[in-house]
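Trainee: Quick one, my_file06.csv (CSV, C-alpha atoms):
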```csv
chain,number,residue,atom,x,y,z
E,198,MET,CA,0.0,0.0,0.0
E,199,ARG,CA,2.8,2.4,0.8
E,200,LYS,CA,4.5,1.8,-2.6
E,201,ARG,CA,1.3,2.4,-4.6
E,202,ARG,CA,0.6,5.7,-2.8
E,203,GLU,CA,4.1,6.9,-3.5
E,204,MET,CA,3.8,6.1,-7.2
E,205,SER,CA,0.6,8.1,-7.6
E,206,GLU,CA,2.0,11.2,-5.8
E,207,PHE,CA,5.0,11.1,-8.1
E,208,SER,CA,2.9,10.7,-11.2
E,209,LEU,CA,0.6,13.7,-10.3
E,210,SER,CA,3.5,16.0,-9.8
E,211,PHE,CA,5.1,14.9,-13.1
E,212,LEU,CA,1.8,15.6,-14.9
E,213,ASP,CA,1.6,19.1,-13.4
E,214,VAL,CA,5.1,19.9,-14.6
E,215,ILE,CA,4.4,18.5,-18.1
E,216,CYS,CA,1.2,20.6,-18.3
E,217,CYS,CA,3.0,23.7,-17.3
E,218,GLY,CA,5.7,23.1,-19.9
E,219,PHE,CA,3.2,22.6,-22.6
E,220,GLY,CA,1.3,25.7,-21.5
E,221,ALA,CA,4.5,27.8,-21.7
E,222,VAL,CA,5.2,26.4,-25.2
E,223,ILE,CA,1.7,27.2,-26.3
E,224,LEU,CA,2.0,30.8,-24.9
E,225,LEU,CA,5.3,31.3,-26.7
E,226,LEU,CA,3.8,30.1,-30.0
E,227,MET,CA,0.9,32.4,-29.6
E,228,ILE,CA,3.1,35.4,-28.9
E,229,THR,CA,5.4,34.6,-31.8
E,230,LYS,CA,2.6,34.1,-34.4
E,231,THR,CA,0.3,37.0,-33.5
E,232,VAL,CA,2.7,39.9,-32.6
E,233,GLN,CA,6.1,39.5,-34.2
E,234,PRO,CA,5.0,39.0,-37.9
E,235,GLN,CA,2.9,42.2,-37.8
E,236,ILE,CA,5.9,44.3,-36.8
E,237,ILE,CA,8.1,42.8,-39.5
E,238,GLU,CA,5.4,43.3,-42.2
E,239,ALA,CA,4.9,47.0,-41.2
E,240,SER,CA,8.6,47.6,-41.2
E,241,THR,CA,8.9,46.0,-44.6
E,242,VAL,CA,6.1,48.3,-46.0
E,243,ASN,CA,7.6,51.4,-44.5
E,244,LEU,CA,11.1,50.6,-45.9
E,245,GLU,CA,9.7,50.0,-49.4
E,246,GLY,CA,7.9,53.4,-49.3
E,247,LEU,CA,11.1,55.1,-48.1
E,248,VAL,CA,13.1,53.5,-50.9
E,249,ALA,CA,10.6,54.6,-53.5
E,250,ASP,CA,10.7,58.2,-52.1
E,251,LEU,CA,14.5,58.1,-52.1
E,252,GLN,CA,14.6,56.9,-55.7
E,253,GLU,CA,12.2,59.6,-56.8
E,254,GLN,CA,14.3,62.2,-55.1
E,255,LEU,CA,17.4,60.7,-56.8
E,256,PHE,CA,15.7,61.0,-60.2
E,257,GLU,CA,14.8,64.7,-59.5
E,258,ILE,CA,18.3,65.5,-58.4
E,259,ARG,CA,19.7,63.9,-61.6
E,260,GLY,CA,17.3,66.0,-63.7
E,261,GLU,CA,18.2,69.1,-61.9
E,262,THR,CA,21.9,68.2,-62.3
E,263,ARG,CA,21.6,67.9,-66.1
E,264,PHE,CA,19.8,71.3,-66.2
E,265,LEU,CA,22.4,72.9,-64.0
E,266,ASN,CA,25.2,71.4,-66.1
E,267,ARG,CA,23.6,72.9,-69.3
E,268,ASP,CA,23.2,76.3,-67.6
E,269,LEU,CA,26.8,76.1,-66.4
E,270,ASN,CA,28.1,75.3,-69.9
E,271,ALA,CA,26.1,78.2,-71.3
E,272,ARG,CA,27.5,80.5,-68.7
E,273,LYS,CA,31.0,79.4,-69.4
E,274,GLU,CA,30.5,80.1,-73.1
E,275,GLN,CA,29.0,83.5,-72.3
E,276,LEU,CA,31.9,84.2,-70.0
E,277,SER,CA,34.4,83.3,-72.8
E,278,ASP,CA,32.6,85.7,-75.1
E,279,TYR,CA,32.8,88.4,-72.5
E,280,LYS,CA,36.5,87.8,-72.0
E,281,GLU,CA,37.0,88.0,-75.7
E,282,ARG,CA,35.1,91.3,-76.0
E,283,ILE,CA,37.0,92.7,-73.0
E,284,ALA,CA,40.3,91.8,-74.7
E,285,ILE,CA,39.1,93.6,-78.0
E,286,LEU,CA,37.9,96.6,-76.0
E,287,ARG,CA,41.2,96.8,-74.2
E,288,GLY,CA,43.0,96.8,-77.5
E,289,GLN,CA,40.7,99.5,-78.8
E,290,LEU,CA,41.2,101.5,-75.6
E,291,ALA,CA,45.0,101.3,-76.0
E,292,SER,CA,44.8,102.3,-79.6
E,293,THR,CA,42.5,105.3,-78.7
E,294,ARG,CA,44.8,106.4,-76.0
E,295,SER,CA,47.7,106.2,-78.3
E,296,LEU,CA,45.8,108.2,-80.9
E,297,PHE,CA,44.7,110.7,-78.3
E,298,ASP,CA,48.3,111.2,-77.2
E,299,SER,CA,49.3,111.7,-80.8
E,300,LEU,CA,46.6,114.3,-81.3
E,301,GLN,CA,47.6,116.1,-78.2
E,302,VAL,CA,51.1,116.3,-79.4
E,303,GLU,CA,49.9,117.4,-82.9
E,304,THR,CA,47.5,120.0,-81.3
E,305,SER,CA,50.3,121.4,-79.2
E,306,THR,CA,52.6,121.5,-82.3
E,307,ASN,CA,49.8,123.2,-84.4
E,308,SER,CA,49.2,125.7,-81.6
E,309,ILE,CA,52.9,126.7,-81.7
E,310,ILE,CA,52.8,126.9,-85.5
E,311,THR,CA,49.6,128.9,-85.4
E,312,GLU,CA,51.1,131.3,-83.0
E,313,GLN,CA,54.2,131.7,-85.1
E,314,LEU,CA,52.1,132.2,-88.2
E,315,ALA,CA,50.0,134.9,-86.4
E,316,ILE,CA,53.2,136.7,-85.5
E,317,ALA,CA,54.4,136.4,-89.1
E,318,ARG,CA,51.1,137.6,-90.4
E,319,GLN,CA,51.1,140.6,-88.1
E,320,SER,CA,54.6,141.5,-89.3
E,321,LEU,CA,53.6,141.1,-93.0
E,322,THR,CA,50.4,143.2,-92.4
E,323,ALA,CA,52.4,145.9,-90.9
E,324,GLU,CA,54.9,145.8,-93.8
E,325,GLN,CA,52.1,145.7,-96.3
E,326,LYS,CA,50.5,148.8,-94.8
E,327,ARG,CA,53.9,150.6,-94.8
E,328,LEU,CA,54.5,149.7,-98.5
E,329,MET,CA,50.9,150.6,-99.5
E,330,ALA,CA,51.0,153.9,-97.7
E,331,GLY,CA,50.4,156.7,-100.1
E,332,LEU,CA,49.1,154.4,-102.9
E,333,GLU,CA,45.5,154.8,-104.0
E,334,VAL,CA,43.5,151.7,-104.9
E,335,THR,CA,41.5,152.7,-108.0
E,336,SER,CA,39.8,149.4,-108.9
E,337,ASN,CA,38.3,146.4,-107.2
E,338,LEU,CA,38.3,144.3,-110.4
E,339,ILE,CA,40.2,141.0,-110.9
E,340,GLY,CA,40.2,139.8,-114.5
E,341,GLY,CA,37.3,142.2,-115.2
E,342,ILE,CA,35.1,140.6,-112.5
E,343,PRO,CA,34.0,142.9,-109.6
E,344,VAL,CA,35.1,141.2,-106.3
E,345,ASP,CA,33.5,143.7,-103.8
E,346,SER,CA,30.8,141.2,-102.7
E,347,GLU,CA,30.6,139.9,-99.1
E,348,TYR,CA,28.5,136.9,-99.9
E,349,ILE,CA,28.7,134.6,-102.9
E,350,ILE,CA,26.2,132.0,-104.3
E,351,PHE,CA,27.1,129.4,-106.9
E,352,VAL,CA,24.3,128.2,-109.2
E,353,ILE,CA,25.6,125.1,-111.0
E,354,ASP,CA,24.0,123.2,-113.9
E,355,THR,CA,24.1,119.6,-112.8
E,356,SER,CA,22.7,118.1,-116.0
E,357,GLY,CA,24.2,115.0,-117.6
E,358,SER,CA,26.0,117.0,-120.3
E,359,MET,CA,27.8,119.2,-117.8
E,360,PHE,CA,28.6,116.3,-115.5
E,361,SER,CA,29.9,114.1,-118.3
E,362,TYR,CA,31.9,116.6,-120.3
E,363,ALA,CA,32.7,119.8,-118.3
E,364,TRP,CA,32.7,118.8,-114.7
E,365,ASP,CA,36.5,118.8,-114.0
E,366,ARG,CA,36.8,122.2,-115.8
E,367,MET,CA,33.8,123.6,-113.9
E,368,MET,CA,35.4,122.5,-110.5
E,369,GLN,CA,38.6,124.4,-111.5
E,370,GLU,CA,36.6,127.5,-112.3
E,371,ILE,CA,34.9,127.3,-108.9
E,372,ASP,CA,38.2,126.9,-107.1
E,373,ALA,CA,39.6,129.9,-109.0
E,374,THR,CA,36.5,131.9,-108.1
E,375,LEU,CA,36.9,131.1,-104.4
E,376,ASN,CA,40.5,132.1,-104.6
E,377,ILE,CA,39.7,135.6,-105.6
E,378,TYR,CA,37.5,135.8,-102.5
E,379,PRO,CA,39.9,134.9,-99.8
E,380,ASN,CA,37.5,135.8,-97.0
E,381,VAL,CA,33.7,136.4,-97.3
E,382,LYS,CA,30.9,136.4,-94.8
E,383,GLY,CA,28.9,133.5,-96.3
E,384,ILE,CA,28.8,131.0,-99.2
E,385,GLN,CA,25.9,129.0,-100.7
E,386,ILE,CA,25.8,126.2,-103.3
E,387,MET,CA,22.7,125.5,-105.4
E,388,ASN,CA,22.0,123.7,-108.6
E,389,ASP,CA,20.2,125.3,-111.5
E,390,MET,CA,16.9,123.9,-110.1
E,391,GLY,CA,17.4,125.6,-106.8
E,392,LYS,CA,18.3,122.5,-104.9
E,393,TYR,CA,20.8,123.0,-102.1
E,394,MET,CA,24.0,121.0,-101.9
E,395,PHE,CA,23.8,121.1,-98.0
E,396,SER,CA,20.1,120.7,-97.1
E,397,ARG,CA,20.8,121.7,-93.4
E,398,TYR,CA,21.9,125.2,-94.7
E,399,ARG,CA,18.7,125.7,-96.7
E,400,GLY,CA,17.9,129.4,-96.6
E,401,GLN,CA,21.1,130.1,-94.6
E,402,TRP,CA,24.6,131.1,-95.3
E,403,ILE,CA,27.4,128.6,-95.0
E,404,PRO,CA,30.2,130.0,-92.8
E,405,ASP,CA,33.3,130.7,-94.8
E,406,THR,CA,36.2,128.6,-93.4
E,407,ASP,CA,39.0,126.7,-95.0
E,408,GLY,CA,37.4,123.4,-93.8
E,409,ARG,CA,34.1,124.4,-95.3
E,410,ARG,CA,35.7,125.2,-98.6
E,411,ARG,CA,37.4,121.8,-98.7
E,412,VAL,CA,34.1,120.0,-97.9
E,413,ILE,CA,32.4,122.0,-100.7
E,414,MET,CA,35.0,120.9,-103.3
E,415,GLN,CA,34.9,117.3,-102.1
E,416,ASN,CA,31.1,117.1,-102.3
E,417,LEU,CA,31.0,118.9,-105.6
E,418,ARG,CA,33.0,116.1,-107.2
E,419,ASN,CA,30.1,113.6,-107.1
E,420,TRP,CA,27.2,116.0,-106.9
E,421,ASN,CA,25.1,114.7,-109.8
E,422,VAL,CA,21.4,115.7,-109.1
E,423,PHE,CA,18.5,116.1,-111.5
E,424,SER,CA,18.6,119.2,-113.7
E,425,ASN,CA,16.5,120.5,-116.6
E,426,SER,CA,19.5,122.4,-118.1
E,427,SER,CA,18.0,125.8,-117.3
E,428,PRO,CA,19.5,128.2,-114.8
E,429,VAL,CA,16.4,130.2,-114.4
E,430,GLU,CA,15.0,128.4,-111.3
E,431,GLY,CA,18.3,128.5,-109.5
E,432,ILE,CA,18.9,132.2,-110.1
E,433,THR,CA,15.4,133.3,-109.1
E,434,ALA,CA,15.4,131.1,-106.0
E,435,ALA,CA,18.8,132.5,-104.9
E,436,ILE,CA,17.6,136.1,-105.3
E,437,ARG,CA,14.2,135.6,-103.6
E,438,THR,CA,15.8,133.7,-100.7
E,439,PHE,CA,19.0,135.7,-100.1
E,440,TYR,CA,18.2,139.3,-101.4
E,441,ASP,CA,19.1,141.8,-98.7
E,442,PRO,CA,19.5,145.5,-99.3
E,443,ASP,CA,22.2,145.6,-96.6
E,444,LYS,CA,24.3,142.8,-98.1
E,445,LYS,CA,26.6,142.8,-101.1
E,446,ILE,CA,25.9,139.5,-102.9
E,447,SER,CA,27.3,137.9,-106.1
E,448,ILE,CA,25.7,135.0,-107.9
E,449,TYR,CA,28.0,132.9,-110.1
E,450,VAL,CA,26.2,130.8,-112.8
E,451,PHE,CA,28.0,127.8,-114.3
E,452,GLY,CA,26.2,126.1,-117.2
E,453,ASP,CA,26.1,125.1,-120.9
E,454,GLU,CA,22.6,125.6,-122.1
E,455,PHE,CA,19.2,127.2,-121.7
E,456,THR,CA,16.1,125.1,-122.5
E,457,GLY,CA,13.5,127.6,-121.3
E,458,ASP,CA,10.9,129.3,-123.4
E,459,SER,CA,11.7,133.0,-123.4
E,460,ILE,CA,14.9,134.9,-122.7
E,461,GLY,CA,13.1,138.2,-122.4
E,462,GLU,CA,10.7,136.8,-119.7
E,463,VAL,CA,13.6,135.6,-117.6
E,464,VAL,CA,15.4,138.9,-117.9
E,465,ASP,CA,12.3,140.8,-116.8
E,466,THR,CA,11.6,138.5,-113.9
E,467,VAL,CA,15.2,138.8,-112.6
E,468,GLU,CA,15.1,142.6,-113.0
E,469,ARG,CA,11.8,142.8,-111.1
E,470,ILE,CA,13.0,140.7,-108.1
E,471,ASN,CA,16.6,142.0,-108.0
E,472,ARG,CA,15.7,145.6,-107.2
E,473,GLU,CA,18.0,148.6,-107.4
E,474,ALA,CA,19.5,150.2,-104.3
E,475,SER,CA,19.4,153.9,-103.7
E,476,ASP,CA,22.7,154.4,-105.6
E,477,GLY,CA,21.2,152.8,-108.7
E,478,GLN,CA,23.2,149.6,-108.3
E,479,ARG,CA,21.5,146.2,-107.9
E,480,ARG,CA,22.4,144.5,-104.7
E,481,VAL,CA,22.8,141.1,-106.3
E,482,ARG,CA,25.5,140.9,-109.0
E,483,ILE,CA,25.1,138.1,-111.5
E,484,HIS,CA,28.2,136.6,-113.1
E,485,ALA,CA,28.2,133.6,-115.5
E,486,VAL,CA,30.6,131.1,-117.0
E,487,GLY,CA,29.5,129.3,-120.2
E,488,PHE,CA,31.0,125.9,-121.1
E,489,PRO,CA,31.0,124.9,-124.8
E,490,VAL,CA,29.5,121.4,-124.3
E,491,GLN,CA,26.8,121.8,-126.9
E,492,PHE,CA,29.1,123.1,-129.6
E,493,ILE,CA,31.5,120.2,-129.2
E,494,ARG,CA,28.9,117.3,-128.9
E,495,ALA,CA,26.9,117.9,-132.1
E,496,ALA,CA,25.8,120.7,-134.4
E,497,ASN,CA,22.1,120.2,-133.8
E,498,LEU,CA,22.6,120.9,-130.1
E,499,GLN,CA,24.2,124.3,-130.5
E,500,THR,CA,20.9,126.2,-130.2
E,501,THR,CA,20.5,125.7,-126.5
E,502,GLY,CA,24.2,126.7,-126.0
E,503,ILE,CA,23.7,129.9,-128.0
E,504,ARG,CA,20.5,130.7,-126.0
E,505,PHE,CA,22.4,130.2,-122.8
E,506,ALA,CA,25.2,132.6,-123.9
E,507,ALA,CA,22.6,135.2,-125.0
E,508,LEU,CA,20.7,135.0,-121.7
E,509,MET,CA,23.8,135.2,-119.6
E,510,ARG,CA,25.2,138.2,-121.5
E,511,GLU,CA,22.0,140.1,-120.9
E,512,LEU,CA,21.5,139.1,-117.3
E,513,THR,CA,25.1,139.9,-116.4
E,514,TYR,CA,25.0,143.2,-118.2
E,515,ARG,CA,21.8,144.4,-116.5
E,516,ASN,CA,22.9,143.1,-113.0
E,517,GLY,CA,26.4,144.4,-112.7
E,518,GLY,CA,28.2,141.2,-113.5
E,519,THR,CA,30.5,139.6,-116.1
E,520,PHE,CA,29.9,136.8,-118.6
E,521,VAL,CA,32.8,134.6,-119.5
E,522,GLY,CA,32.4,132.1,-122.4
E,523,LEU,CA,35.0,129.4,-122.6
E,524,ASN,CA,36.4,128.0,-125.9
E,525,ASP,CA,37.3,124.5,-124.6
E,526,PHE,CA,37.6,122.5,-121.5
E,527,ARG,CA,41.3,122.9,-121.0
E,528,PRO,CA,42.4,124.9,-117.9
```
If you took the structure in this file and wrote it as structure tokens, what would it be?
Mentor:
Amino acid sequence: MRKRREMSEFSLSFLDVICCGFGAVILLLMITKTVQPQIIEASTVNLEGLVADLQEQLFEIRGETRFLNRDLNARKEQLSDYKERIAILRGQLASTRSLFDSLQVETSTNSIITEQLAIARQSLTAEQKRLMAGLEVTSNLIGGIPVDSEYIIFVIDTSGSMFSYAWDRMMQEIDATLNIYPNVKGIQIMNDMGKYMFSRYRGQWIPDTDGRRRVIMQNLRNWNVFSNSSPVEGITAAIRTFYDPDKKISIYVFGDEFTGDSIGEVVDTVERINREASDGQRRVRIHAVGFPVQFIRAANLQTTGIRFAALMRELTYRNGGTFVGLNDFRP
């Protein structure tokens, strides 16, 4: 009886231990299967989303990098262009400074020369006055042409015949005319239609300087504007625009033909607008130089040349001037 009781007590305790062990194992299994997989799955999902975000940011950064690289290359090219322009401008600046220094030296030299010439001119003027003392000037004519005018106007025939055949000789005559007027108060250049060579001086006098005279001769070389081969319009426009009873004015007409209708009508018109002064002299003198273009080109063209000579002889006679008819184009 004692042995059997001892065996039953031992068996009951053993069963209790076994049951507790199984219960602990079951509890561990339940904890592992219900809680731990959820945490791992959530972590996996979060990491995948983070990786996707990082990849998207990486793509954006790469795109911005390409754009910035293109912009950087463009800026580098622009910088290279600026450096090249700066180098060119520096070269121009150096050249300008060198030219400026040269001009300063030249200006200083010219000032010294001008001062010396002024002193020499004063000496010559004084000597001239001493030599001319006691002499009486009885004439203001040079080559038969009165040169007492203070203002001169050139009315030039710019027709094709003049420009093609007599232009060089005409320029020589204008240069010679300017030389007999070393200093006047004003000059004006018009063609036979009344068109001004310098439009900005329309209705005004061109100041007489050496520089202006050089510019006039330079522009005259290629001044080929429309003309109807009749000086009437230019003469009347010059008188109507510049007539002034207080000014002594001379008009110089250079041409080769007159294609107008009536010589008498032109003479009467000019006499009416070029009024006489109180001393009986007309304030505007009219001189003329005729070029034999029509006589040289063909016999059937001589009529207009003869009419020009007849008109100019009458106009210059009535208006205190001189008519010069050239035989050829040689100086």
Trainee: Can you measure atom CA of Tyr348 of chain E to atom CA of Val412 of chain E for me? One decimal in Å is fine.
Mentor: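 Distance reported for this atom pair: 17.9 Å.
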Trainee: May I ask which of the residues E:Phe395, E:Phe360, E:Tyr378, E:Phe439 is the closest one to Phe488 of chain E, counting all atoms listed in the file?
Mentor: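 Result for the nearest residue to Phe488 of chain E: E:Phe360.
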Trainee: In terms of the shortest atom-to-atom distance over all atoms listed in the file, which of E:Arg418, E:Arg510, E:Arg399, E:Arg504 is closest to Thr438 of chain E?
Mentor: E:Arg399
Trainee: So, counting all atoms listed in the file, which residue among E:Ala284, E:Ile371, E:Leu265, E:Ile483 is closest to Arg515 of chain E?
Mentor: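 Closest candidate: E:Ile483.
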Trainee: Work out how far apart atom CA of Arg282 of chain E and atom CA of Asn270 of chain E are and give it in Å to one decimal.
Mentor: 18.5 Å
Trainee: List the neighbours of Lys392 of chain E out to 9 Å using all atoms listed in the file; skip same-chain residues closer than 6 positions along the sequence, and give me the result as an MDAnalysis selection string.
Mentor: chainID E and resid 386 399 422 431
Trainee: Which one of E:Leu296, E:Ile403, E:Val463, E:Ala485 sits closest to Leu523 of chain E if you count only C-alpha atoms?
Mentor: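 Closest to Leu523 of chain E, using only C-alpha atoms: E:Ala485.
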